[in-house]
Structures are given as C-alpha cells and as structure tokens.
Amino acid sequence: MAILQKTRDKAGLAVSIIIALALLSFIVDPSTLESAFQMMSSKNNVGEINGKAVSYVDFQQDIENFTTINEIVTGTSAQNEQQQQQIRDAAWQSLLDRYLFTKKANEAGIKVGDEEMKALLAGDIVSPVIAQNPAFMDETGVFSTAALQNFINSIPSDNTGRLALYWNYLQNTVRTQQYYSKYGSLFTQSDIQNPLMALKAIEENNETSNVDFVVVPLTYANDTTIKVSADEIKKYYEDHKHLYQQSASRDMEYVVFEVKPSETDIAATSEAMDNLYEEFTTTDAMKSFLAKNSERAFDEYWYKDGELTVVNSDINDFVFGNAAGTSQIIKDDNNVFHAVRIMDSASIPDSVYVRHILLNGTNQAQLADSLLAVLGKGESFSNIAASYSVDTQSAMDGEQGNLGWMTQNYMVAGFAPIFTAQVKKPFILKTQYGTHIIEVTQRTAPVAKKQVAVLQKTALASNETFNEYYAQASKFANIAAGGYQNYLAAVDSCGIYSHPMTGVLESTSSYGAIDQAKEVTRWVFDNKVGKVSPIITVNNNFFFVATVKGIHKEGTATLSEVSSMINQQIYADKASAKAAEEIAAKIAGLTDLQVIADTLHSMVNPGVDVRFASLTGQGLDPKFIGAVSVAPLGEICGPVAGTIGTYVFKVNSRETESFYTEEDAKNYAAQVNAYTSQMILPVMMQEAEVKDNRARFF
C-alpha cells in the first residue's frame, strides 16, 4: 500500500479515475450520447451493447471495481453523488470499449499486439497513463522503470488484490487508448481538404454583397383561408420520419405537499436559540460548543466584506458594521436562525508566499527547535530544507522548500496561521503531516477581515406538523384514487395546484426545485395512462400524488404525437408562400425599391453587407442570404419567401476581400475533422443500436 500512498500524496484529488475515452479527444457529453442512440432493453438489464445484454448484477460488479480503483487513486472511500455518477459513467464506458469499440477497431484491421503493449508499458514509447502516474516516478518526479517494476513485484504479496486490480485497469486503459489513437488516425489522416475545397471556402468567406432590401414580416394572425389536410400531414410525416426520433418519455401531472414548520415549531426553535445565546456569547471553547449545538461548524476563515452574503446578507452587514466581541441573533426568510459573534478583526492579506521544512520522526520537535535557532543565525532556508525536509518535491521557483503562493481556499490543511504571521520570521507549526518550520516571505496588501462564529439552527417540522401534512396528502390521495377524473375532482375539492409536466425521461430526478425525486419518475414509468399514484414521499418532507397523462415510446414518434407540430410547419410554409405571391402581385412592374417599400408600407434597409458564409449571426433569414449570394447585380429581386418575412432586394455591389485566409480554411477543416473524430463512437453506438437504461436503476 505504500506504493499507492505515493500516488495519493503526489496527485491528491487532482488524480481521478482515468477513463480511456477521456485520454484522447473522444469525450462525448452524456446528452450527446443520449441523442446518438435509442434506449430500449429488458426491464432487468442496464442496457445492451452490440447485441450483448448488460445485466444489473454484472454492471454493479463493474461499478464496485471502479469504486475500488477510485479509492486506490484518491485514498478515500467518501464519494458525493457527482463522483458516484462519474464512477458509473466510467464503468459504462469500459463496457462500450470492451464490447463495441475495440471489436469495431479489430474489424477495421486495427490491432494492439503484445510487443506493442510492452513498449507502451515500459519500453521506448511509454504511454502517458504510465509515464505520468506518480506511483511510477522517482524522487525527482521522472518516470522510473525501476519504480514500475517495484510496483509489479509487489502485486503477488498483496493479499487484498487491490494492486492487481489497479494494474489490470492501467493495462486495459493503455490498450484502449492505443485503439482510439489508431482508429482516430484512420479518420483524421484520410479526411483531407484538397486545394479546390480550400479555394472554394476562401472565396465564399471573402465575398461580401452590399444590399438594399425591403422586408415584410410574416403576420402571426391565423389565416382561415390556409388549409392543411390530413393527407398533407401524413405525407409530410412519411417523408420526414427521421426527424421524429424520440426517447421514451411520459406526460404527467402531480400535486405536492411540502412539510413546513408550524408557528409553534418556529417558536420552539427561537426559544432554543435564546437558551443557548448567553453561553454562545461568552464561551472560550467555541469550536466544541458549535460542534455540539449548531448546524454550522466553526471555521478559522478570515472573511472580508461581502463574503458572508452567501450565508446571509444581514449577517454580513452586522459583522462589518460592528466591532469584535459583539453578537446578535438573525432570522432569515427560510426559518433559519443565526446567532453571530465576531471573534476577531485584523488586516489580513489575500495571499502569502510560503516555504517550509517538514520534519517527521520521534525527535521532530527537538530538531525543529534546533533548526529554527540555526535559521535565526542566518543559515540558508533552502539549504536546510534540502538537508532535513521530508518534503523533497516542493521547490517552487527553483528554491528547495518553496510551496509558493497560498490563499485561504488553496493552502495546506492546518496552515491557517500563515496569514497572520510576520514576513520573513520563521515559526514552528504542527499539522497532521508532521512538524513544520514555516516562513512567509511575501504577502499581498493586507485587507480588513474578521473571524466569526455562527450558531445556526433551522426550524424543522415536528412530528405533529408532519402528521398534519401527511393527513392532507392522504385525504387528496383517497379522493384521487381510481383514475384521472377522480384526480381532477381531488384538485378541485382540496383547492391545490396541479403541476403539468411533459417529456419526463427515465433520467428525470428533479421536479421544480425538488431534487432526488427519482421515486416519482419510477412510478410514472411503471404505470398506465389514467393511473393515480398513492402518496410518494420524497426527502421525507415532500408528499407527491401523480397521474400519468401520456406515454411516448422510444423510437419514431407516432403520427398522432407529432401531427400538431407538422400542421404548424405546413401552415407556416403555405403562409410564407402566400405572402410572397401577394407581394409579387402588389409590386408587379415596379422597378424602384423605395416605391416598392412605400407600396408595401415598409422601409428600405440600405447598404447592408451580407456574406453567404455567415448564415447565422447576421440577424437575417438564411433563405434571404442564400438568394443574395447568387442574385445579379443592380436588379430588383424577389419576393423571397423567408421563414420570418418576405424580402425584395437589390444587390448594389460585391467585393472579394482577404480577411479569410488559407490558414483560416485549414483551421476550420481541422475543427470539422475533430468533430468527426468525436462522432466515431456515437455513430458506432447508433449502428449497433446500443441501449442505455441506466437511468432506470440509478
């Protein structure tokens, strides 16, 4: 385990799980992945990859393995929800690599052989996964084959199996990275912009048309003369089915009862604060007092004016309007009570430049005293650090022992005294790492700051209050039971607002401002249209009652689901065409743009520069821009039936400039190339009909 501790000490939390996909440029956002494939599989499976079903049990085992790897790298088993999600994503990505990507790469003739792996692990082309791993570095921070071999030799004697798991993980990561590198090169090296393509891009981007135009915006009023038939809608649907792919979703309504503290509960919390207040204002053991009585722990942070507003703006105003030693009780609108005591005031710099000598061992205290005395006689700090400090890695700006600039948010744990220390006066400090001799060599200009203690208590609902809200929810659920009409009757009878929600996905976990409500989603997906739920308790203080309004299956949306949308599209196209026809009739024979503008009760927009290469960002209709790019000079053109209006225009001149260069064309081609590389995996997933149902379980 000492080897792994080296990794943790050097990398800390900056080193996280190395996902093979993230080692290259093939990083795909989960939302991109979701749009790249459809989610369908058995209720008992997490998903399906390239025809292989992924069971929940197998996937959970992979999660446990990646959790262990994360613990090995970070040195902690504590994980928040975001870290757990990252671990699940890493486990899923490893399955995609194993069952899909590497197989497709092999089918394309790409191989990663044993000799190649030897070179990548400890040969002439060592992979960054290995070379940049702190566990395999020597004392100078350089990759060491001896350190790597020492790690490998330690694996058989590790009875926990964690070293073997980690080493297998690293080997798989290196192999997968090499597959991605080769497959990516297959695309990037073959996607070439030839000279004609580059020349065309340069010409299009450098050509600017100067235009006078008149635009008549389309009206939003409904035109009853425009009809859209059912046959037209059906034909449009059949011709554009590829546009109507959808994930499984639900339409639903819900009511929610939020458990809030009663006036009695609030008064009880206020009384508890009053009972603690006197001791709070006088105690000399503030840290232990707050640990016992407060929702907010004591910290030694020095606040400057404005920083306490994140807690409460009234607290900030009080602290920076009063002297040290004063205190006050403040209640906010969320029924949170704060007792504030100003512990100290001082002029504190935001940043200090620090160097240290770290000592360990049984005689570290005595040694620290001796070395401090030697420093007082003028001995070089860096020389002593080089000779005695356990920390051999800290050498900012080339000086041994230098830790560099530190702030309160970026410093070694236990180093708070550095901000009140005198400049260039070494002192001794003990932390969890050992005994330090510390010297502050520089600091920024001091700023008025204060240390504060905050006794915080939130008024919570009592059991009696909780039961009262549950009774309200129970009454509603009893009336609503049986179907949607009963649900509506309950809404009316109880006088409560019903929240409509469309497009609920299996991944939905938030309803309004209420998070961690996945139980509501699971119920909605497990029931039929018209069903009404029993009480669903969320976070122990929200009671939901939900009903299913609609079910949208994964795949191609049905005609009935999209007919309204299609109707609007066809209507808009017809309205645009009709407007153009009517304008054409009104201006027939007119050859002066100002006369045309007067006839159409509009105005001339003179001298507008339009570039075809910039279809977006000009605030103009793309159809108009396209028409301008090919229109003859000096002639009245139009009407052009756009999506936002109808255009009549005249191109005054065209100029070919030189601001878009060959280098710009190459850079744009490189961007397209990079995008193509990023789409390799999503396209593979779409072709293999990968089904990701993780949201059903997590």
# chains A, B, ... in the order shown; residues from 1 in each chain; ligands from 1

$ residues_around --residues "Met565 of chain A" --least-positions-apart "4" --cutoff "12 Å" --atoms "only C-alpha atoms" --output "ChimeraX atom specification"
/A:228,233-234,236-237,243-244,557-561,569-572

$ residues_around --residues "Arg341 of chain A" --least-positions-apart "6" --cutoff "6 Å" --atoms "only C-alpha atoms" --output "NGL selection string"
:A and (326-327 or 452-453)

$ write_last_selection --atoms "N, CA and C atoms" --output "PDB file, in the first residue's frame"
ATOM      1  N   THR A 326     -18.847  41.632  19.623  1.00  0.00           N
ATOM      2  CA  THR A 326     -20.294  41.837  19.585  1.00  0.00           C
ATOM      3  C   THR A 326     -20.981  40.641  18.940  1.00  0.00           C
ATOM      4  N   SER A 327     -22.274  40.485  19.250  1.00  0.00           N
ATOM      5  CA  SER A 327     -23.036  39.351  18.719  1.00  0.00           C
ATOM      6  C   SER A 327     -24.494  39.729  18.568  1.00  0.00           C
ATOM      7  N   VAL A 452     -15.509  34.970  12.399  1.00  0.00           N
ATOM      8  CA  VAL A 452     -16.836  34.954  13.023  1.00  0.00           C
ATOM      9  C   VAL A 452     -17.209  33.532  13.417  1.00  0.00           C
ATOM     10  N   ALA A 453     -18.081  33.446  14.401  1.00  0.00           N
ATOM     11  CA  ALA A 453     -18.704  32.174  14.770  1.00  0.00           C
ATOM     12  C   ALA A 453     -20.194  32.315  14.511  1.00  0.00           C
TER      13      ALA A 453
END

$ closest_residue --among "A:Thr224, A:Leu375, A:Gly325, A:Ala669" --to "Asp284 of chain A" --atoms "only C-alpha atoms"
A:Gly325

$ select_by_dssp --residues "segment 298-507 of chain A" --states "strand (DSSP E)" --output "number ranges by chain"
A: 303-304, 327-331, 336-348, 352-359, 402-406, 427-431, 434-443, 447-458, 499-504

$ residues_around --residues "segment 398-400 of chain A" --least-positions-apart "6" --cutoff "9 Å" --atoms "only C-alpha atoms" --output "JSON, numbers by chain"
{"A": [355, 356, 381, 382, 383, 384, 385, 386, 392]}

$ write_last_selection --atoms "N, CA and C atoms" --output "PDB file, in the first residue's frame"
ATOM      1  N   ARG A 355       7.269  29.088   2.394  1.00  0.00           N
ATOM      2  CA  ARG A 355       8.190  27.969   2.269  1.00  0.00           C
ATOM      3  C   ARG A 355       8.228  27.233   3.607  1.00  0.00           C
ATOM      4  N   HIS A 356       8.588  25.941   3.547  1.00  0.00           N
ATOM      5  CA  HIS A 356       8.569  25.166   4.786  1.00  0.00           C
ATOM      6  C   HIS A 356       9.626  24.078   4.764  1.00  0.00           C
ATOM      7  N   PHE A 381      17.656  29.017   4.264  1.00  0.00           N
ATOM      8  CA  PHE A 381      16.444  28.202   4.451  1.00  0.00           C
ATOM      9  C   PHE A 381      16.423  27.049   3.452  1.00  0.00           C
ATOM     10  N   SER A 382      16.747  27.332   2.194  1.00  0.00           N
ATOM     11  CA  SER A 382      16.682  26.297   1.160  1.00  0.00           C
ATOM     12  C   SER A 382      17.728  25.209   1.405  1.00  0.00           C
ATOM     13  N   ASN A 383      18.890  25.575   1.948  1.00  0.00           N
ATOM     14  CA  ASN A 383      19.916  24.571   2.242  1.00  0.00           C
ATOM     15  C   ASN A 383      19.454  23.616   3.340  1.00  0.00           C
ATOM     16  N   ILE A 384      18.832  24.178   4.380  1.00  0.00           N
ATOM     17  CA  ILE A 384      18.338  23.337   5.472  1.00  0.00           C
ATOM     18  C   ILE A 384      17.192  22.463   4.970  1.00  0.00           C
ATOM     19  N   ALA A 385      16.326  23.043   4.120  1.00  0.00           N
ATOM     20  CA  ALA A 385      15.220  22.258   3.555  1.00  0.00           C
ATOM     21  C   ALA A 385      15.761  21.085   2.747  1.00  0.00           C
ATOM     22  N   ALA A 386      16.812  21.333   1.976  1.00  0.00           N
ATOM     23  CA  ALA A 386      17.399  20.273   1.151  1.00  0.00           C
ATOM     24  C   ALA A 386      18.013  19.174   2.017  1.00  0.00           C
ATOM     25  N   THR A 392      10.506  16.553  -0.355  1.00  0.00           N
ATOM     26  CA  THR A 392      11.560  16.815  -1.343  1.00  0.00           C
ATOM     27  C   THR A 392      11.011  17.319  -2.672  1.00  0.00           C
TER      28      THR A 392
END

$ closest_residue --among "A:Arg175, A:Lys424, A:His242, A:Arg250" --to "Ala119 of chain A" --atoms "only C-alpha atoms"
A:Arg175

$ closest_residue --among "A:Glu253, A:Ala297, A:Ala198, A:Lys650" --to "Phe544 of chain A" --atoms "only C-alpha atoms"
A:Glu253

$ closest_residue --among "A:Phe612, A:Trp92, A:Tyr56, A:Tyr254" --to "Glu204 of chain A" --atoms "only C-alpha atoms"
A:Phe612

$ closest_residue --among "A:Leu170, A:Leu163, A:Leu308, A:Val604" --to "Leu120 of chain A" --atoms "only C-alpha atoms"
A:Leu170

$ residues_around --residues "Phe213 of chain A" --least-positions-apart "5" --cutoff "6 Å" --atoms "only C-alpha atoms" --output "JSON, numbers by chain"
{"A": [604, 605, 648, 649]}

$ write_last_selection --atoms "C-alpha atoms" --output "PDB file, in the first residue's frame"
ATOM      1  CA  VAL A 604     -35.735  50.343 -47.372  1.00  0.00           C
ATOM      2  CA  ASN A 605     -32.808  48.939 -45.403  1.00  0.00           C
ATOM      3  CA  VAL A 648     -37.461  42.186 -52.001  1.00  0.00           C
ATOM      4  CA  PHE A 649     -33.886  43.350 -52.618  1.00  0.00           C
TER       5      PHE A 649
END

$ atom_distance --atom1 "atom CA of Phe136 of chain A" --atom2 "atom CA of Leu148 of chain A"
5.0 Å

$ residues_around --residues "Ile155 of chain A" --least-positions-apart "3" --cutoff "12 Å" --atoms "only C-alpha atoms" --output "NGL selection string"
:A and (1 or 3-4 or 148-152 or 158-168)

$ write_last_selection --atoms "N, CA and C atoms" --output "PDB file, in the first residue's frame"
ATOM      1  N   MET A   1       0.805  -1.217   0.000  1.00  0.00           N
ATOM      2  CA  MET A   1       0.000   0.000   0.000  1.00  0.00           C
ATOM      3  C   MET A   1       0.842   1.272   0.000  1.00  0.00           C
ATOM      4  N   ILE A   3       3.174   2.013  -1.949  1.00  0.00           N
ATOM      5  CA  ILE A   3       3.331   2.460  -3.338  1.00  0.00           C
ATOM      6  C   ILE A   3       2.147   3.311  -3.745  1.00  0.00           C
ATOM      7  N   LEU A   4       0.945   2.848  -3.381  1.00  0.00           N
ATOM      8  CA  LEU A   4      -0.245   3.606  -3.748  1.00  0.00           C
ATOM      9  C   LEU A   4      -0.325   4.911  -2.978  1.00  0.00           C
ATOM     10  N   LEU A 148       8.301   1.223 -11.534  1.00  0.00           N
ATOM     11  CA  LEU A 148       7.241   0.414 -12.134  1.00  0.00           C
ATOM     12  C   LEU A 148       7.446  -1.060 -11.806  1.00  0.00           C
ATOM     13  N   GLN A 149       8.685  -1.521 -11.946  1.00  0.00           N
ATOM     14  CA  GLN A 149       8.970  -2.922 -11.660  1.00  0.00           C
ATOM     15  C   GLN A 149       8.739  -3.247 -10.184  1.00  0.00           C
ATOM     16  N   ASN A 150       9.064  -2.301  -9.318  1.00  0.00           N
ATOM     17  CA  ASN A 150       8.829  -2.480  -7.888  1.00  0.00           C
ATOM     18  C   ASN A 150       7.336  -2.641  -7.610  1.00  0.00           C
ATOM     19  N   PHE A 151       6.533  -1.862  -8.313  1.00  0.00           N
ATOM     20  CA  PHE A 151       5.080  -1.964  -8.172  1.00  0.00           C
ATOM     21  C   PHE A 151       4.603  -3.354  -8.608  1.00  0.00           C
ATOM     22  N   ILE A 152       5.073  -3.796  -9.778  1.00  0.00           N
ATOM     23  CA  ILE A 152       4.651  -5.098 -10.313  1.00  0.00           C
ATOM     24  C   ILE A 152       5.094  -6.228  -9.386  1.00  0.00           C
ATOM     25  N   ASP A 158       0.348  -8.812  -2.286  1.00  0.00           N
ATOM     26  CA  ASP A 158      -0.810  -8.021  -1.851  1.00  0.00           C
ATOM     27  C   ASP A 158      -2.020  -8.932  -1.720  1.00  0.00           C
ATOM     28  N   ASN A 159      -2.336  -9.310  -0.488  1.00  0.00           N
ATOM     29  CA  ASN A 159      -3.443 -10.236  -0.256  1.00  0.00           C
ATOM     30  C   ASN A 159      -4.813  -9.617  -0.536  1.00  0.00           C
ATOM     31  N   THR A 160      -4.896  -8.294  -0.579  1.00  0.00           N
ATOM     32  CA  THR A 160      -6.192  -7.647  -0.831  1.00  0.00           C
ATOM     33  C   THR A 160      -6.603  -7.739  -2.296  1.00  0.00           C
ATOM     34  N   GLY A 161      -5.643  -7.936  -3.195  1.00  0.00           N
ATOM     35  CA  GLY A 161      -5.947  -7.987  -4.627  1.00  0.00           C
ATOM     36  C   GLY A 161      -6.122  -6.620  -5.257  1.00  0.00           C
ATOM     37  N   ARG A 162      -5.958  -5.566  -4.469  1.00  0.00           N
ATOM     38  CA  ARG A 162      -6.190  -4.207  -4.992  1.00  0.00           C
ATOM     39  C   ARG A 162      -5.104  -3.782  -5.975  1.00  0.00           C
ATOM     40  N   LEU A 163      -3.847  -4.179  -5.690  1.00  0.00           N
ATOM     41  CA  LEU A 163      -2.773  -3.831  -6.621  1.00  0.00           C
ATOM     42  C   LEU A 163      -2.976  -4.504  -7.973  1.00  0.00           C
ATOM     43  N   ALA A 164      -3.401  -5.769  -7.949  1.00  0.00           N
ATOM     44  CA  ALA A 164      -3.641  -6.494  -9.207  1.00  0.00           C
ATOM     45  C   ALA A 164      -4.786  -5.853  -9.977  1.00  0.00           C
ATOM     46  N   LEU A 165      -5.843  -5.465  -9.263  1.00  0.00           N
ATOM     47  CA  LEU A 165      -6.980  -4.803  -9.905  1.00  0.00           C
ATOM     48  C   LEU A 165      -6.542  -3.501 -10.560  1.00  0.00           C
ATOM     49  N   TYR A 166      -5.739  -2.728  -9.841  1.00  0.00           N
ATOM     50  CA  TYR A 166      -5.279  -1.439 -10.363  1.00  0.00           C
ATOM     51  C   TYR A 166      -4.364  -1.626 -11.573  1.00  0.00           C
ATOM     52  N   TRP A 167      -3.466  -2.610 -11.503  1.00  0.00           N
ATOM     53  CA  TRP A 167      -2.548  -2.850 -12.617  1.00  0.00           C
ATOM     54  C   TRP A 167      -3.295  -3.336 -13.859  1.00  0.00           C
ATOM     55  N   ASN A 168      -4.260  -4.205 -13.676  1.00  0.00           N
ATOM     56  CA  ASN A 168      -5.073  -4.653 -14.812  1.00  0.00           C
ATOM     57  C   ASN A 168      -5.829  -3.485 -15.427  1.00  0.00           C
TER      58      ASN A 168
END

$ atom_distance --atom1 "atom CA of Gly638 of chain A" --atom2 "atom CA of Lys235 of chain A"
29.1 Å

$ select_by_dssp --residues "segment 30-279 of chain A" --states "alpha helix (DSSP H)" --output "NGL selection string"
:A and (30-36 or 56-74 or 81-96 or 102-107 or 114-122 or 128-131 or 145-154 or 162-188 or 195-206 or 230-239 or 263-279)

$ atom_distance --atom1 "atom CA of Thr140 of chain A" --atom2 "atom CA of Leu359 of chain A"
19.3 Å
